[in-house]
Each structure stands twice: as C-alpha cells, then as structure tokens.
Amino acid sequence: MMKYSLCTIKWWTVLLVLWLFIFPNIGFAQREIKPCQQEPAFIKTLGYDPLWTALSTSEKTYIGISLIAFEKKVGQSAPTAQTPKLEIYQHPSWKTAGYLSTISFDRFGNVYTVPAPLISMLYNRTEKLNTIYKIDANNGEMNEWINLPFVAKPSSQNPYGLLGINYDCQDHFLVASTVSGSDRYNERGIIYLINPTTKKMTDSIKNFDAMGLGFGIDELNKKRLYYGSARSGNIFSVVVNQKGKIEKKTIRKELSLEGYGPRGDDKARKIKFNGNQLLVNGTAFNYNLQAASEKPETLYTFTWLAKEKKWGLINYN
C-alpha cells in the first residue's frame with residue numbers, strides 16, 4: 001500500500017513538472033490564508049446576534065470602540081453598508097484609551113486594537129500611543145496588552161505611534177507597526193512580529209514606516225507578510241516562517257497605488273486577501289491629525305498575473 005502511494009505521488013510530480021515545462025506561463029495565484037478568526041463570546045452573552053453586529057472605532061460621537069447592533073432585514077443573512085443601526089453598546093473600558101483605529105481578531109475571539117488620535121491629542125495620552133490593547137473574548141473588558149518601545153516620542157511633526165495590526169491565521173502571530181520617532185527626513189518606524197501566547201517579539205523590520213498589514217500565500221506556496229508604506233503608495237512583502245522569523249532576503253515590492261484612484265497618492269491603510277484577489281483600502285496620510293470624516297477611502301482590487309508575475313488592477317471604488 002505504501003509503495004502504491006509513493007509511486008502515485010511521483011507520477012503526479014512528473015506530470016506537474018511536464019505541465020509547467022510545456023506551459024511556463026501558467027502559475028499558482030497568490031491567495032488568502034484560511035480565516036481562523038472567531039467572534040467574541042461576549043457578544044452573545046450581551047444578548048446580541050453576532051451575525052448582525054460589528055465592532056467599530058469610527059462612530060462620530062463615540063470615543064474608543066463600539067459594538068454596533070444592526071436592524072435585521074427579512075431576506076438578508078447579514079447587514080450591508082445601508083442597514084440601519086439599531087443600537088450602539090460600549091463597555092466602560094472601551095473608551096479609556098481614547099480614540100482607536102485598526103481592529104484585529106484572533107482564533108479565540110480576543111480583539112486587539114491600537115490608539116490613533118483624531119484632530120488633537122486631547123483624548124489620547126502620548127505615552128500610550130505605542131500600546132496594543134486587548135478586549136477579552138469572554139468578559140468584554142479592554143486592558144493594555146503590551147507596550148512597545150518608543151524610538152522617540154511623538155511630536156508636532158509626527159503625532160502617531162502604532163498605525164497597523166493584524167493576526168496571522170496560519171502560524172498564529174500578531175504583527176504590529178509603529179511610526180513613532182519618524183519625522184519628515186528620518187524613517188524610524190518598526191514592524192514587530194509578536195507571539196500572542198508569550199507576548200515576546202520574535203522578529204522585526206526596522207526603519208520602515210508601515211500602515212496596512214496583511215498575510216497571504218504567494219505563488220510559491222510560502223506565507224508572506226504584506227505591508228504598505230505610510231510614506232508612499234508602495235506595498236512590499238516578505239516571507240515569514242513558522243517560527244515567526246522574517247526572511248529579509250525575500251523582501252520584494254508587490255505594487256504601488258501611486259497614480260490610481262481619485263486622489264492618486266493613496267497609502268495602503270488595510271491589506272487583505274479574498275480568495276486569490278488582493279484587496280487594498282487606500283487613503284491619504286500625511287502624518288497630521290485629521291477627523292475620520294476627512295479621510296475618504298478607496299477600495300482597490302488586484303489579481304495576480306502569472307505570466308507577467310505581477311499584480312494587475314481590476315477596479316477601484
């Protein structure tokens with residue numbers, strides 16, 4: 001039985017090699033990692049339907065993070081952008097860190113988020129701008145999770161600390177990016193890979209200001225971290241192994257948003273895969289404080305062109 005299995009494997013391997021030799025322009029598309037995120041258990045405990053709720057950090061009259069309960073519509077399985085809001089809930093701890101931005105879930109339903117001042121520093125403490133906050137999946141309480149080091153304190157030239165965060169569903173690491181200490185002439189940002197169990201940093205990329213972060217599988221079946229520059233429209237990627245180590249020799253430029261969209265100078269605020277499509281939320285970013293309403297976003301959809309070995313823009317809206 002074992003001999004039969006091995007011969008079968010070898011036969012398919014030979015066939016694959018011949019196929020790629022005959023059709024060299026046929027390649028594997030880059031694609032998403034199988035999602036693993038779970039909804040927090042506290043949503044049901046509070047009496048809400050997880051399918052008809054969402055966590056938001058962009059409610060105009062709410063500081064921090066909010067749980068939005070949407071009005072259920074007959075014939076719909078989930079809310080849309082036009083679905084009316086029925087109720088907004090906030091745990092008392094959710095506004096203690098001031099304004100927040102990116103949200104990421106892990107496989108247990110815990111929620112991670114980072115601070116982001118709006119308009120002024122009135123509600124955000126400067127010394128906490130490099131702090132990752134965690135909302136417990138079971139009781140819904142938010143606490144400081146880890147305080148990342150500052151290269152230099154935020155200033156009038158750059159009032160930001162952490163900008164991006166995301167969860168790796170393949171090997172279960174958390175990635176976070178900070179731009180603290182960067183200024184007009186010096187790029188001092190750091191991308192950290194963190195083990196959520198031990199809270200230990202496994203590796204980092206230094207002297208790079210990143211905002212959007214995402215994980216995906218490349219055309220060679222390797223896991224990559226995709227990260228967008230906060231200074232330009234460029235998006236790069238690098239192979240990350242199962243031990244949370246960054247293989248820096250594999251860093252490559254994937255694409256650029258420059259010249260695309262209604263503004264032409266968007267930076268990648270969010271990066272994610274949907275099947276074999278790469279979705280990028282682009283927005284203007286110039287290291288200055290603005291209201292959320294002043295930061296319109298455009299969604300860009302790219303597909304991997306195997307023959308050209310590059311990303312092609314499908315559309316944006």
# chains A, B, ... in the order shown; residues from 1 in each chain; ligands from 1
call {"tool": "residues_around", "arguments": {"residues": "A:Thr126", "least_positions_apart": "5", "cutoff": "8 Å", "atoms": "only C-alpha atoms", "output": "number ranges by chain"}}
result
A: 121, 153-154
call {"tool": "select_by_dssp", "arguments": {"residues": "stretch 152-210 of chain A", "states": "strand (DSSP E or B)", "output": "CSV table (one decimal) with N, CA, C and O atoms, in the first residue's frame"}}
result
chain,number,residue,atom,x,y,z
A,162,LEU,N,1.5,53.6,17.0
A,162,LEU,CA,1.1,52.5,16.3
A,162,LEU,C,0.1,52.9,15.2
A,162,LEU,O,-0.8,53.7,15.4
A,163,LEU,N,0.2,52.2,14.0
A,163,LEU,CA,-0.7,52.5,12.9
A,163,LEU,C,-1.4,51.3,12.4
A,163,LEU,O,-2.6,51.3,12.0
A,164,GLY,N,-0.8,50.1,12.5
A,164,GLY,CA,-1.4,48.9,11.9
A,164,GLY,C,-1.2,47.7,12.8
A,164,GLY,O,-0.3,47.6,13.7
A,165,ILE,N,-2.1,46.7,12.7
A,165,ILE,CA,-2.1,45.5,13.4
A,165,ILE,C,-2.9,44.4,12.7
A,165,ILE,O,-3.8,44.7,12.0
A,166,ASN,N,-2.4,43.2,12.7
A,166,ASN,CA,-3.1,42.1,12.1
A,166,ASN,C,-2.7,40.8,12.7
A,166,ASN,O,-1.7,40.7,13.3
A,167,TYR,N,-3.5,39.7,12.5
A,167,TYR,CA,-3.3,38.4,13.0
A,167,TYR,C,-3.0,37.4,12.0
A,167,TYR,O,-3.7,37.4,10.9
A,174,LEU,N,1.0,37.8,15.9
A,174,LEU,CA,0.4,39.1,15.7
A,174,LEU,C,1.5,40.1,15.1
A,174,LEU,O,2.6,40.0,15.6
A,175,VAL,N,1.1,40.9,14.1
A,175,VAL,CA,2.0,41.8,13.6
A,175,VAL,C,1.5,43.2,13.9
A,175,VAL,O,0.3,43.5,13.8
A,176,ALA,N,2.4,44.1,14.2
A,176,ALA,CA,2.0,45.5,14.5
A,176,ALA,C,3.1,46.4,14.0
A,176,ALA,O,4.3,46.1,14.0
A,177,SER,N,2.7,47.6,13.6
A,177,SER,CA,3.6,48.6,13.0
A,177,SER,C,3.5,49.9,13.8
A,177,SER,O,2.4,50.4,14.0
A,178,THR,N,4.6,50.5,14.1
A,178,THR,CA,4.7,51.8,14.7
A,178,THR,C,5.5,52.8,13.9
A,178,THR,O,6.5,52.4,13.3
A,190,ILE,N,9.0,50.8,12.9
A,190,ILE,CA,9.4,49.4,13.1
A,190,ILE,C,8.1,48.5,12.9
A,190,ILE,O,7.0,48.9,13.4
A,191,ILE,N,8.3,47.4,12.3
A,191,ILE,CA,7.2,46.3,12.2
A,191,ILE,C,7.6,45.2,13.1
A,191,ILE,O,8.7,44.7,13.0
A,192,TYR,N,6.7,44.9,14.0
A,192,TYR,CA,7.0,43.8,15.0
A,192,TYR,C,6.2,42.6,14.8
A,192,TYR,O,5.0,42.7,14.5
A,193,LEU,N,6.8,41.4,14.9
A,193,LEU,CA,6.1,40.1,15.0
A,193,LEU,C,6.1,39.7,16.4
A,193,LEU,O,7.1,39.6,17.1
A,194,ILE,N,4.9,39.4,16.9
A,194,ILE,CA,4.7,39.1,18.3
A,194,ILE,C,4.0,37.7,18.5
A,194,ILE,O,3.0,37.4,17.8
A,195,ASN,N,4.5,36.9,19.4
A,195,ASN,CA,3.9,35.7,19.8
A,195,ASN,C,2.8,36.0,20.8
A,195,ASN,O,3.1,36.5,21.9
A,200,LYS,N,6.1,37.8,23.5
A,200,LYS,CA,7.5,38.0,23.1
A,200,LYS,C,7.6,38.4,21.6
A,200,LYS,O,6.9,37.8,20.8
A,201,MET,N,8.5,39.4,21.3
A,201,MET,CA,8.7,39.7,19.9
A,201,MET,C,9.7,38.7,19.3
A,201,MET,O,10.8,38.5,19.8
A,202,THR,N,9.2,38.1,18.2
A,202,THR,CA,10.0,37.1,17.5
A,202,THR,C,10.9,37.7,16.5
A,202,THR,O,12.0,37.1,16.2
A,203,ASP,N,10.6,38.8,15.9
A,203,ASP,CA,11.4,39.4,14.9
A,203,ASP,C,10.9,40.8,14.5
A,203,ASP,O,9.8,41.2,15.0
A,204,SER,N,11.6,41.6,13.7
A,204,SER,CA,11.1,42.9,13.4
A,204,SER,C,11.8,43.4,12.1
A,204,SER,O,12.8,42.9,11.7
A,205,ILE,N,11.2,44.4,11.5
A,205,ILE,CA,11.8,45.1,10.4
A,205,ILE,C,11.9,46.6,10.8
A,205,ILE,O,10.9,47.2,11.2
A,206,LYS,N,13.1,47.1,10.8
A,206,LYS,CA,13.4,48.4,11.4
A,206,LYS,C,13.5,49.5,10.3
A,206,LYS,O,13.8,49.1,9.1
A,210,ALA,N,5.2,51.6,8.2
A,210,ALA,CA,4.2,50.8,7.6
A,210,ALA,C,2.8,51.2,8.2
A,210,ALA,O,2.7,51.5,9.4
call {"tool": "residues_around", "arguments": {"residues": "A:Pro50", "least_positions_apart": "6", "cutoff": "12 Å", "atoms": "only C-alpha atoms", "output": "compact mmCIF listing (two decimals) with N, CA, C and O atoms, in the first residue's frame"}}
result
# COMPACT_ATOMS: atom_id res chain seq x y z
N GLN A 38 -12.52 34.14 15.28
CA GLN A 38 -13.80 33.81 15.88
C GLN A 38 -14.46 35.06 16.43
O GLN A 38 -13.77 35.99 16.83
N GLU A 39 -15.79 35.08 16.44
CA GLU A 39 -16.47 36.22 17.05
C GLU A 39 -16.33 36.12 18.57
O GLU A 39 -16.31 35.02 19.13
N PRO A 40 -16.18 37.23 19.26
CA PRO A 40 -16.06 37.21 20.72
C PRO A 40 -17.30 36.63 21.38
O PRO A 40 -18.43 36.94 20.98
N ALA A 41 -17.09 35.80 22.39
CA ALA A 41 -18.22 35.17 23.08
C ALA A 41 -19.09 36.19 23.80
O ALA A 41 -20.29 35.96 23.98
N PHE A 42 -18.51 37.33 24.20
CA PHE A 42 -19.28 38.31 24.97
C PHE A 42 -20.44 38.91 24.17
O PHE A 42 -21.39 39.45 24.75
N ILE A 43 -20.36 38.83 22.83
CA ILE A 43 -21.45 39.38 22.01
C ILE A 43 -22.76 38.64 22.29
O ILE A 43 -23.81 39.25 22.50
N LYS A 44 -22.69 37.31 22.31
CA LYS A 44 -23.88 36.52 22.62
C LYS A 44 -24.30 36.69 24.07
O LYS A 44 -25.49 36.73 24.40
N LEU A 67 -19.76 48.55 19.88
CA LEU A 67 -20.42 47.39 19.29
C LEU A 67 -21.72 47.88 18.65
O LEU A 67 -22.60 48.39 19.33
N ILE A 68 -21.83 47.72 17.34
CA ILE A 68 -22.99 48.18 16.60
C ILE A 68 -23.94 47.01 16.38
O ILE A 68 -23.54 45.97 15.84
N ALA A 69 -25.19 47.14 16.81
CA ALA A 69 -26.21 46.14 16.52
C ALA A 69 -27.09 46.69 15.40
O ALA A 69 -27.64 47.80 15.50
N PHE A 70 -27.21 45.94 14.31
CA PHE A 70 -27.95 46.38 13.14
C PHE A 70 -29.38 45.84 13.14
O PHE A 70 -29.67 44.80 13.72
N LYS A 72 -32.29 43.86 11.80
CA LYS A 72 -32.39 42.68 10.95
C LYS A 72 -33.39 42.90 9.83
O LYS A 72 -34.49 43.40 10.05
N SER A 77 -28.98 37.75 5.13
CA SER A 77 -28.30 36.91 6.12
C SER A 77 -27.31 37.71 6.96
O SER A 77 -26.87 37.24 8.01
N ALA A 78 -26.98 38.91 6.51
CA ALA A 78 -26.02 39.76 7.22
C ALA A 78 -26.26 41.21 6.82
O ALA A 78 -26.84 41.49 5.77
N PRO A 79 -25.84 42.15 7.66
CA PRO A 79 -26.05 43.56 7.34
C PRO A 79 -25.18 44.04 6.18
O PRO A 79 -24.14 43.46 5.89
N GLY A 109 -11.30 34.65 19.59
CA GLY A 109 -12.28 35.71 19.69
C GLY A 109 -11.81 36.92 20.47
O GLY A 109 -12.59 37.86 20.68
call {"tool": "atom_distance", "arguments": {"atom1": "atom CA of A:Tyr287", "atom2": "atom CA of A:Ser256"}}
result
19.3 Å
call {"tool": "residues_around", "arguments": {"residues": "A:Val280", "least_positions_apart": "5", "cutoff": "6 Å", "atoms": "only C-alpha atoms", "output": "VMD selection string"}}
result
chain A and resid 270 to 271 299 to 300
call {"tool": "write_last_selection", "arguments": {"atoms": "C-alpha atoms", "output": "short mmCIF file (atom, residue, chain, number, x, y, z; two decimals), in the first residue's frame"}}
result
data_model
loop_
_atom_site.label_atom_id
_atom_site.label_comp_id
_atom_site.auth_asym_id
_atom_site.auth_seq_id
_atom_site.Cartn_x
_atom_site.Cartn_y
_atom_site.Cartn_z
CA LYS A 270 -5.66 47.94 5.09
CA ILE A 271 -4.41 44.90 3.14
CA LEU A 299 -11.03 50.04 -2.19
CA TYR A 300 -8.61 48.70 -4.80
#
call {"tool": "closest_residue", "arguments": {"among": "A:Phe150, A:Trp311, A:Tyr99, A:Tyr227", "to": "A:Thr61", "atoms": "only C-alpha atoms"}}
result
A:Tyr99
call {"tool": "residues_around", "arguments": {"residues": "A:Thr113", "least_positions_apart": "5", "cutoff": "8 Å", "atoms": "only C-alpha atoms", "output": "JSON, numbers by chain"}}
result
{"A": [100, 101, 102, 103, 104, 132, 133, 134, 165]}
call {"tool": "residues_around", "arguments": {"residues": "A:Tyr123", "least_positions_apart": "2", "cutoff": "8 Å", "atoms": "only C-alpha atoms", "output": "PDB file with all heavy atoms, in the first residue's frame"}}
result
ATOM      1  N   ALA A  97      -8.890  54.360  26.524  1.00  0.00           N
ATOM      2  CA  ALA A  97      -7.639  54.577  25.787  1.00  0.00           C
ATOM      3  C   ALA A  97      -7.744  55.721  24.788  1.00  0.00           C
ATOM      4  O   ALA A  97      -6.802  55.988  24.053  1.00  0.00           O
ATOM      5  CB  ALA A  97      -7.230  53.299  25.069  1.00  0.00           C
ATOM      6  N   GLY A  98      -8.890  56.393  24.749  1.00  0.00           N
ATOM      7  CA  GLY A  98      -9.076  57.466  23.779  1.00  0.00           C
ATOM      8  C   GLY A  98      -9.501  56.908  22.432  1.00  0.00           C
ATOM      9  O   GLY A  98     -10.064  55.819  22.341  1.00  0.00           O
ATOM     10  N   TYR A  99      -9.216  57.662  21.373  1.00  0.00           N
ATOM     11  CA  TYR A  99      -9.591  57.202  20.039  1.00  0.00           C
ATOM     12  C   TYR A  99      -8.725  56.009  19.624  1.00  0.00           C
ATOM     13  O   TYR A  99      -7.519  55.961  19.897  1.00  0.00           O
ATOM     14  CB  TYR A  99      -9.443  58.328  19.018  1.00  0.00           C
ATOM     15  CG  TYR A  99     -10.525  59.378  19.130  1.00  0.00           C
ATOM     16  CD1 TYR A  99     -10.255  60.628  19.677  1.00  0.00           C
ATOM     17  CD2 TYR A  99     -11.816  59.108  18.692  1.00  0.00           C
ATOM     18  CE1 TYR A  99     -11.253  61.594  19.782  1.00  0.00           C
ATOM     19  CE2 TYR A  99     -12.820  60.065  18.798  1.00  0.00           C
ATOM     20  CZ  TYR A  99     -12.530  61.299  19.347  1.00  0.00           C
ATOM     21  OH  TYR A  99     -13.521  62.242  19.457  1.00  0.00           O
ATOM     22  N   PRO A 117      -4.911  59.091  17.556  1.00  0.00           N
ATOM     23  CA  PRO A 117      -5.526  60.387  17.864  1.00  0.00           C
ATOM     24  C   PRO A 117      -6.206  61.002  16.658  1.00  0.00           C
ATOM     25  O   PRO A 117      -5.769  60.827  15.520  1.00  0.00           O
ATOM     26  CB  PRO A 117      -4.327  61.237  18.325  1.00  0.00           C
ATOM     27  CG  PRO A 117      -3.141  60.585  17.686  1.00  0.00           C
ATOM     28  CD  PRO A 117      -3.444  59.125  17.642  1.00  0.00           C
ATOM     29  N   SER A 120      -6.917  66.262  17.627  1.00  0.00           N
ATOM     30  CA  SER A 120      -5.991  66.736  18.651  1.00  0.00           C
ATOM     31  C   SER A 120      -5.592  65.562  19.536  1.00  0.00           C
ATOM     32  O   SER A 120      -6.098  64.451  19.392  1.00  0.00           O
ATOM     33  CB  SER A 120      -6.637  67.833  19.502  1.00  0.00           C
ATOM     34  OG  SER A 120      -7.600  67.274  20.388  1.00  0.00           O
ATOM     35  N   MET A 121      -4.678  65.841  20.487  1.00  0.00           N
ATOM     36  CA  MET A 121      -4.212  64.805  21.418  1.00  0.00           C
ATOM     37  C   MET A 121      -5.019  64.822  22.716  1.00  0.00           C
ATOM     38  O   MET A 121      -4.636  64.186  23.692  1.00  0.00           O
ATOM     39  CB  MET A 121      -2.729  65.033  21.732  1.00  0.00           C
ATOM     40  CG  MET A 121      -1.813  64.920  20.528  1.00  0.00           C
ATOM     41  SD  MET A 121      -1.748  63.241  19.881  1.00  0.00           S
ATOM     42  CE  MET A 121      -0.951  62.410  21.245  1.00  0.00           C
ATOM     43  N   ARG A 125      -3.342  59.742  25.339  1.00  0.00           N
ATOM     44  CA  ARG A 125      -2.111  60.029  26.075  1.00  0.00           C
ATOM     45  C   ARG A 125      -0.909  59.654  25.217  1.00  0.00           C
ATOM     46  O   ARG A 125      -0.814  58.546  24.696  1.00  0.00           O
ATOM     47  CB  ARG A 125      -2.097  59.241  27.381  1.00  0.00           C
ATOM     48  CG  ARG A 125      -3.182  59.674  28.364  1.00  0.00           C
ATOM     49  CD  ARG A 125      -3.443  58.616  29.417  1.00  0.00           C
ATOM     50  NE  ARG A 125      -2.252  58.295  30.187  1.00  0.00           N
ATOM     51  CZ  ARG A 125      -2.189  57.306  31.065  1.00  0.00           C
ATOM     52  NH1 ARG A 125      -3.254  56.534  31.269  1.00  0.00           N
ATOM     53  NH2 ARG A 125      -1.074  57.067  31.737  1.00  0.00           N
TER      54      ARG A 125
END
call {"tool": "closest_residue", "arguments": {"among": "A:Glu141, A:Glu247, A:Asp106, A:Glu71", "to": "A:Phe173", "atoms": "only C-alpha atoms"}}
result
A:Asp106
call {"tool": "residues_around", "arguments": {"residues": "A:Asn315", "least_positions_apart": "4", "cutoff": "12 Å", "atoms": "only C-alpha atoms", "output": "mmCIF file with N, CA, C and O atoms, in the first residue's frame"}}
result
data_model
loop_
_atom_site.group_PDB
_atom_site.id
_atom_site.type_symbol
_atom_site.label_atom_id
_atom_site.label_comp_id
_atom_site.auth_asym_id
_atom_site.auth_seq_id
_atom_site.Cartn_x
_atom_site.Cartn_y
_atom_site.Cartn_z
ATOM 1 N N TYR A 260 -3.202 55.821 -9.004
ATOM 2 C CA TYR A 260 -4.515 55.185 -9.070
ATOM 3 C C TYR A 260 -5.533 55.948 -8.225
ATOM 4 O O TYR A 260 -5.178 56.693 -7.312
ATOM 5 N N GLY A 261 -6.803 55.720 -8.528
ATOM 6 C CA GLY A 261 -7.875 56.239 -7.684
ATOM 7 C C GLY A 261 -8.138 57.717 -7.864
ATOM 8 O O GLY A 261 -7.497 58.400 -8.670
ATOM 9 N N GLN A 277 -7.698 37.245 -4.806
ATOM 10 C CA GLN A 277 -7.662 38.689 -5.058
ATOM 11 C C GLN A 277 -7.051 39.421 -3.865
ATOM 12 O O GLN A 277 -7.278 39.049 -2.713
ATOM 13 N N LEU A 278 -6.274 40.435 -4.162
ATOM 14 C CA LEU A 278 -5.671 41.277 -3.126
ATOM 15 C C LEU A 278 -6.487 42.557 -3.023
ATOM 16 O O LEU A 278 -6.642 43.295 -3.995
ATOM 17 N N LEU A 279 -7.034 42.804 -1.837
ATOM 18 C CA LEU A 279 -7.868 43.986 -1.593
ATOM 19 C C LEU A 279 -7.092 44.985 -0.749
ATOM 20 O O LEU A 279 -6.564 44.642 0.318
ATOM 21 N N VAL A 280 -7.043 46.225 -1.211
ATOM 22 C CA VAL A 280 -6.296 47.274 -0.514
ATOM 23 C C VAL A 280 -7.205 48.475 -0.279
ATOM 24 O O VAL A 280 -7.770 49.017 -1.227
ATOM 25 N N THR A 298 -10.634 54.485 -0.588
ATOM 26 C CA THR A 298 -10.944 53.827 -1.843
ATOM 27 C C THR A 298 -10.504 52.371 -1.745
ATOM 28 O O THR A 298 -9.401 52.089 -1.256
ATOM 29 N N LEU A 299 -11.362 51.456 -2.189
ATOM 30 C CA LEU A 299 -11.029 50.036 -2.186
ATOM 31 C C LEU A 299 -10.490 49.648 -3.558
ATOM 32 O O LEU A 299 -11.176 49.786 -4.571
ATOM 33 N N TYR A 300 -9.260 49.149 -3.574
ATOM 34 C CA TYR A 300 -8.608 48.701 -4.801
ATOM 35 C C TYR A 300 -8.579 47.172 -4.821
ATOM 36 O O TYR A 300 -8.219 46.540 -3.833
ATOM 37 N N THR A 301 -8.933 46.577 -5.959
ATOM 38 C CA THR A 301 -8.924 45.126 -6.116
ATOM 39 C C THR A 301 -7.904 44.736 -7.180
ATOM 40 O O THR A 301 -7.973 45.205 -8.323
ATOM 41 N N PHE A 302 -6.949 43.878 -6.774
ATOM 42 C CA PHE A 302 -5.899 43.422 -7.678
ATOM 43 C C PHE A 302 -5.986 41.904 -7.856
ATOM 44 O O PHE A 302 -6.456 41.190 -6.964
ATOM 45 N N THR A 303 -5.487 41.413 -9.002
ATOM 46 C CA THR A 303 -5.373 39.981 -9.229
ATOM 47 C C THR A 303 -3.953 39.682 -9.694
ATOM 48 O O THR A 303 -3.301 40.525 -10.325
#
call {"tool": "atom_distance", "arguments": {"atom1": "atom CA of A:Gly75", "atom2": "atom CA of A:Leu46"}}
result
24.7 Å
call {"tool": "closest_residue", "arguments": {"among": "A:Glu308, A:Glu219, A:Glu144, A:Glu258", "to": "A:Val239", "atoms": "only C-alpha atoms"}}
result
A:Glu219
